[in-house]
file input_23.pdb (PDB, C-alpha atoms)
ATOM      1  CA  MET Q 418     -23.429  -6.761  17.979  1.00  0.00           C
ATOM      2  CA  LEU Q 419     -24.644  -5.819  14.536  1.00  0.00           C
ATOM      3  CA  THR Q 420     -23.186  -3.360  12.057  1.00  0.00           C
ATOM      4  CA  VAL Q 421     -24.943  -1.558   9.254  1.00  0.00           C
ATOM      5  CA  LEU Q 422     -22.876  -0.191   6.367  1.00  0.00           C
ATOM      6  CA  ILE Q 423     -24.595   2.560   4.433  1.00  0.00           C
ATOM      7  CA  ARG Q 424     -23.035   4.011   1.310  1.00  0.00           C
ATOM      8  CA  TYR Q 425     -24.575   7.362   0.456  1.00  0.00           C
ATOM      9  CA  LYS Q 426     -24.116   8.509  -3.138  1.00  0.00           C
ATOM     10  CA  GLY Q 427     -24.884  11.869  -4.637  1.00  0.00           C
ATOM     11  CA  LYS Q 428     -23.752  14.405  -7.195  1.00  0.00           C
ATOM     12  CA  ASP Q 429     -20.562  16.384  -6.731  1.00  0.00           C
ATOM     13  CA  ASP Q 430     -19.978  17.026  -3.008  1.00  0.00           C
ATOM     14  CA  ALA Q 431     -23.563  16.411  -1.845  1.00  0.00           C
ATOM     15  CA  ALA Q 432     -22.592  13.455   0.370  1.00  0.00           C
ATOM     16  CA  LYS Q 433     -19.872  15.496   2.059  1.00  0.00           C
ATOM     17  CA  ARG Q 434     -22.264  18.388   2.672  1.00  0.00           C
ATOM     18  CA  PHE Q 435     -24.803  15.911   4.096  1.00  0.00           C
ATOM     19  CA  VAL Q 436     -22.229  14.643   6.602  1.00  0.00           C
ATOM     20  CA  GLU Q 437     -21.217  18.174   7.534  1.00  0.00           C
ATOM     21  CA  GLU Q 438     -24.848  19.069   8.268  1.00  0.00           C
ATOM     22  CA  MET Q 439     -25.431  15.827  10.175  1.00  0.00           C
ATOM     23  CA  ILE Q 440     -22.521  16.776  12.428  1.00  0.00           C
ATOM     24  CA  SER Q 441     -23.206  20.519  12.752  1.00  0.00           C
ATOM     25  CA  SER Q 442     -26.910  19.971  13.509  1.00  0.00           C
ATOM     26  CA  GLY Q 443     -26.076  17.674  16.430  1.00  0.00           C
ATOM     27  CA  ILE Q 444     -27.753  14.631  14.904  1.00  0.00           C
ATOM     28  CA  VAL Q 445     -24.536  12.593  14.911  1.00  0.00           C
ATOM     29  CA  SER Q 446     -23.905  13.425  18.554  1.00  0.00           C
ATOM     30  CA  ASP Q 447     -27.484  12.501  19.467  1.00  0.00           C
ATOM     31  CA  ILE Q 448     -27.163   9.121  17.726  1.00  0.00           C
ATOM     32  CA  ARG Q 449     -23.837   8.378  19.399  1.00  0.00           C
ATOM     33  CA  ASN Q 450     -25.509   9.034  22.762  1.00  0.00           C
ATOM     34  CA  GLU Q 451     -28.394   6.645  22.133  1.00  0.00           C
ATOM     35  CA  GLU Q 452     -28.535   3.570  24.341  1.00  0.00           C
ATOM     36  CA  GLY Q 453     -27.048   0.649  22.441  1.00  0.00           C
ATOM     37  CA  ASN Q 454     -25.090   2.655  19.862  1.00  0.00           C
ATOM     38  CA  LEU Q 455     -21.519   1.387  19.683  1.00  0.00           C
ATOM     39  CA  ARG Q 456     -20.176   3.217  16.646  1.00  0.00           C
ATOM     40  CA  TYR Q 457     -21.340   5.884  14.236  1.00  0.00           C
ATOM     41  CA  GLU Q 458     -18.586   7.040  11.870  1.00  0.00           C
ATOM     42  CA  TYR Q 459     -18.351   8.364   8.333  1.00  0.00           C
ATOM     43  CA  PHE Q 460     -15.570   7.481   5.891  1.00  0.00           C
ATOM     44  CA  PHE Q 461     -14.810   8.994   2.498  1.00  0.00           C
ATOM     45  CA  PRO Q 462     -13.486   6.574  -0.148  1.00  0.00           C
ATOM     46  CA  GLN Q 463     -10.305   7.883  -1.744  1.00  0.00           C
ATOM     47  CA  GLU Q 464     -11.083   6.414  -5.128  1.00  0.00           C
ATOM     48  CA  GLU Q 465     -14.725   7.401  -5.448  1.00  0.00           C
ATOM     49  CA  ASP Q 466     -15.932  10.975  -5.437  1.00  0.00           C
ATOM     50  CA  GLY Q 467     -19.481  11.756  -4.470  1.00  0.00           C
ATOM     51  CA  SER Q 468     -19.970   9.063  -1.841  1.00  0.00           C
ATOM     52  CA  VAL Q 469     -19.530   8.456   1.851  1.00  0.00           C
ATOM     53  CA  LEU Q 470     -19.630   5.266   3.903  1.00  0.00           C
ATOM     54  CA  LEU Q 471     -21.371   5.195   7.273  1.00  0.00           C
ATOM     55  CA  VAL Q 472     -20.355   2.484   9.743  1.00  0.00           C
ATOM     56  CA  ASP Q 473     -23.197   2.222  12.262  1.00  0.00           C
ATOM     57  CA  SER Q 474     -22.906  -0.441  15.011  1.00  0.00           C
ATOM     58  CA  TRP Q 475     -25.477  -1.385  17.628  1.00  0.00           C
ATOM     59  CA  ALA Q 476     -25.507  -3.679  20.648  1.00  0.00           C
ATOM     60  CA  ASN Q 477     -28.420  -5.660  19.207  1.00  0.00           C
ATOM     61  CA  GLN Q 478     -31.410  -5.516  16.875  1.00  0.00           C
ATOM     62  CA  ASP Q 479     -33.663  -4.083  19.602  1.00  0.00           C
ATOM     63  CA  ALA Q 480     -31.376  -1.064  19.991  1.00  0.00           C
ATOM     64  CA  LEU Q 481     -31.392  -0.498  16.229  1.00  0.00           C
ATOM     65  CA  ASP Q 482     -35.179  -0.855  16.110  1.00  0.00           C
ATOM     66  CA  ARG Q 483     -35.551   1.765  18.887  1.00  0.00           C
ATOM     67  CA  HIS Q 484     -33.259   4.082  16.908  1.00  0.00           C
ATOM     68  CA  HIS Q 485     -35.398   3.666  13.793  1.00  0.00           C
ATOM     69  CA  GLU Q 486     -38.537   4.658  15.750  1.00  0.00           C
ATOM     70  CA  LEU Q 487     -37.137   8.016  16.923  1.00  0.00           C
ATOM     71  CA  PRO Q 488     -38.293  11.331  15.404  1.00  0.00           C
ATOM     72  CA  LEU Q 489     -34.608  11.881  14.608  1.00  0.00           C
ATOM     73  CA  MET Q 490     -34.993   9.471  11.684  1.00  0.00           C
ATOM     74  CA  GLY Q 491     -37.376  11.954  10.047  1.00  0.00           C
ATOM     75  CA  LYS Q 492     -34.678  14.630  10.210  1.00  0.00           C
ATOM     76  CA  ILE Q 493     -32.165  12.270   8.625  1.00  0.00           C
ATOM     77  CA  LYS Q 494     -34.627  11.438   5.849  1.00  0.00           C
ATOM     78  CA  GLU Q 495     -35.164  15.159   5.198  1.00  0.00           C
ATOM     79  CA  LEU Q 496     -31.414  15.702   4.883  1.00  0.00           C
ATOM     80  CA  ARG Q 497     -31.036  12.732   2.519  1.00  0.00           C
ATOM     81  CA  GLU Q 498     -33.727  14.240   0.327  1.00  0.00           C
ATOM     82  CA  LYS Q 499     -32.247  17.741   0.596  1.00  0.00           C
ATOM     83  CA  TYR Q 500     -28.928  16.448  -0.750  1.00  0.00           C
ATOM     84  CA  ASP Q 501     -30.594  13.971  -3.158  1.00  0.00           C
ATOM     85  CA  LEU Q 502     -28.635  11.018  -1.806  1.00  0.00           C
ATOM     86  CA  HIS Q 503     -29.217   7.394  -2.718  1.00  0.00           C
ATOM     87  CA  MET Q 504     -28.243   4.505  -0.485  1.00  0.00           C
ATOM     88  CA  GLU Q 505     -26.770   1.035  -0.608  1.00  0.00           C
ATOM     89  CA  VAL Q 506     -27.198  -0.833   2.681  1.00  0.00           C
ATOM     90  CA  GLU Q 507     -25.571  -3.966   4.100  1.00  0.00           C
ATOM     91  CA  LYS Q 508     -26.093  -5.421   7.578  1.00  0.00           C
ATOM     92  CA  TYR Q 509     -23.720  -7.747   9.407  1.00  0.00           C
ATOM     93  CA  VAL Q 510     -23.955  -9.662  12.667  1.00  0.00           C
ATOM     94  CA  ASP Q 511     -20.705 -10.177  14.566  1.00  0.00           C
ATOM     95  CA  LEU Q 512     -20.006 -13.898  14.827  1.00  0.00           C
ATOM     96  CA  HIS Q 513     -16.328 -13.696  15.709  1.00  0.00           C
ATOM     97  CA  ASP Q 514     -15.251 -16.088  18.421  1.00  0.00           C
ATOM     98  CA  GLU Q 515     -12.133 -17.111  20.342  1.00  0.00           C
ATOM     99  CA  LYS Q 516     -10.688 -18.936  17.311  1.00  0.00           C
ATOM    100  CA  ASP Q 517     -10.416 -15.596  15.525  1.00  0.00           C
ATOM    101  CA  GLU Q 518      -8.374 -13.988  18.301  1.00  0.00           C
ATOM    102  CA  LYS Q 519      -5.065 -15.450  17.116  1.00  0.00           C
ATOM    103  CA  TYR Q 520      -5.453 -13.400  13.898  1.00  0.00           C
ATOM    104  CA  ILE Q 521      -6.233 -10.096  15.594  1.00  0.00           C
ATOM    105  CA  ARG Q 522      -3.451  -7.818  16.769  1.00  0.00           C
ATOM    106  CA  ARG Q 523      -4.641  -5.618  19.619  1.00  0.00           C
TER     107      ARG Q 523
END
call {"tool": "encode", "arguments": {"input": "input_23.pdb", "output": "structure tokens"}}
result
Amino acid sequence: MLTVLIRYKGKDDAAKRFVEEMISSGIVSDIRNEEGNLRYEYFFPQEEDGSVLLVDSWANQDALDRHHELPLMGKIKELREKYDLHMEVEKYVDLHDEKDEKYIRR
């Protein structure tokens, strides 16, 4: 599994309006239904106005690559430009193993 964290930053409530349009347009639902998508959720930091964090997890790099090739990505780019959002991106690969389980409460 791999997870991409994307922090969108904009002026005033632009990031919030971006998320609202992503949801209302059906884009979020379409992404969540893509083969290999494991998680697609937005979070709003309490201590930082004007930003939103996207947690986007995929089964593997191939699934993420297929997602990036879809026409849907053009729509997302248009919305980012519409709301004048800038991005910070981090990507993580899950390496947790059985040794970690004793620290995780399920």
call {"tool": "atom_distance", "arguments": {"input": "input_23.pdb", "atom1": "atom CA of Met439 of chain Q", "atom2": "atom CA of Asp501 of chain Q"}}
result
14.4 Å
call {"tool": "closest_residue", "arguments": {"input": "input_23.pdb", "among": "Q:Arg456, Q:Arg497, Q:Arg424, Q:Lys519", "to": "Leu471 of chain Q", "atoms": "all atoms listed in the file"}}
result
Q:Arg424
call {"tool": "atom_distance", "arguments": {"input": "input_23.pdb", "atom1": "atom CA of Ile444 of chain Q", "atom2": "atom CA of His485 of chain Q"}}
result
13.4 Å
call {"tool": "residues_around", "arguments": {"input": "input_23.pdb", "residues": "Leu496 of chain Q", "least_positions_apart": "3", "cutoff": "12 Å", "atoms": "only C-alpha atoms", "output": "NGL selection string"}}
result
:Q and (425 or 431-440 or 442 or 444 or 489-493 or 499-503)
call {"tool": "write_last_selection", "arguments": {"input": "input_23.pdb", "atoms": "C-alpha atoms", "output": "mmCIF file, in the frame of the given file"}}
result
data_model
loop_
_atom_site.group_PDB
_atom_site.id
_atom_site.type_symbol
_atom_site.label_atom_id
_atom_site.label_comp_id
_atom_site.auth_asym_id
_atom_site.auth_seq_id
_atom_site.Cartn_x
_atom_site.Cartn_y
_atom_site.Cartn_z
ATOM 1 C CA TYR Q 425 -24.575 7.362 0.456
ATOM 2 C CA ALA Q 431 -23.563 16.411 -1.845
ATOM 3 C CA ALA Q 432 -22.592 13.455 0.370
ATOM 4 C CA LYS Q 433 -19.872 15.496 2.059
ATOM 5 C CA ARG Q 434 -22.264 18.388 2.672
ATOM 6 C CA PHE Q 435 -24.803 15.911 4.096
ATOM 7 C CA VAL Q 436 -22.229 14.643 6.602
ATOM 8 C CA GLU Q 437 -21.217 18.174 7.534
ATOM 9 C CA GLU Q 438 -24.848 19.069 8.268
ATOM 10 C CA MET Q 439 -25.431 15.827 10.175
ATOM 11 C CA ILE Q 440 -22.521 16.776 12.428
ATOM 12 C CA SER Q 442 -26.910 19.971 13.509
ATOM 13 C CA ILE Q 444 -27.753 14.631 14.904
ATOM 14 C CA LEU Q 489 -34.608 11.881 14.608
ATOM 15 C CA MET Q 490 -34.993 9.471 11.684
ATOM 16 C CA GLY Q 491 -37.376 11.954 10.047
ATOM 17 C CA LYS Q 492 -34.678 14.630 10.210
ATOM 18 C CA ILE Q 493 -32.165 12.270 8.625
ATOM 19 C CA LYS Q 499 -32.247 17.741 0.596
ATOM 20 C CA TYR Q 500 -28.928 16.448 -0.750
ATOM 21 C CA ASP Q 501 -30.594 13.971 -3.158
ATOM 22 C CA LEU Q 502 -28.635 11.018 -1.806
ATOM 23 C CA HIS Q 503 -29.217 7.394 -2.718
#
call {"tool": "atom_distance", "arguments": {"input": "input_23.pdb", "atom1": "atom CA of Val445 of chain Q", "atom2": "atom CA of Tyr457 of chain Q"}}
result
7.5 Å
call {"tool": "resolve_selection", "arguments": {"input": "input_23.pdb", "expression": "the PyMOL selection byres ((chain Q and resi 472-482) around 7)", "output": "list in words"}}
result
Met418, Leu419, Thr420, Val421, Leu422, Ile423, Glu452, Gly453, Asn454, Leu455, Arg456, Tyr457, Glu458, Tyr459, Leu470, Leu471, Arg483, His484, His485 and Glu486 of chain Q
call {"tool": "closest_residue", "arguments": {"input": "input_23.pdb", "among": "Q:Arg522, Q:Lys426, Q:Phe460, Q:Ser441", "to": "Val506 of chain Q", "atoms": "only C-alpha atoms"}}
result
Q:Lys426
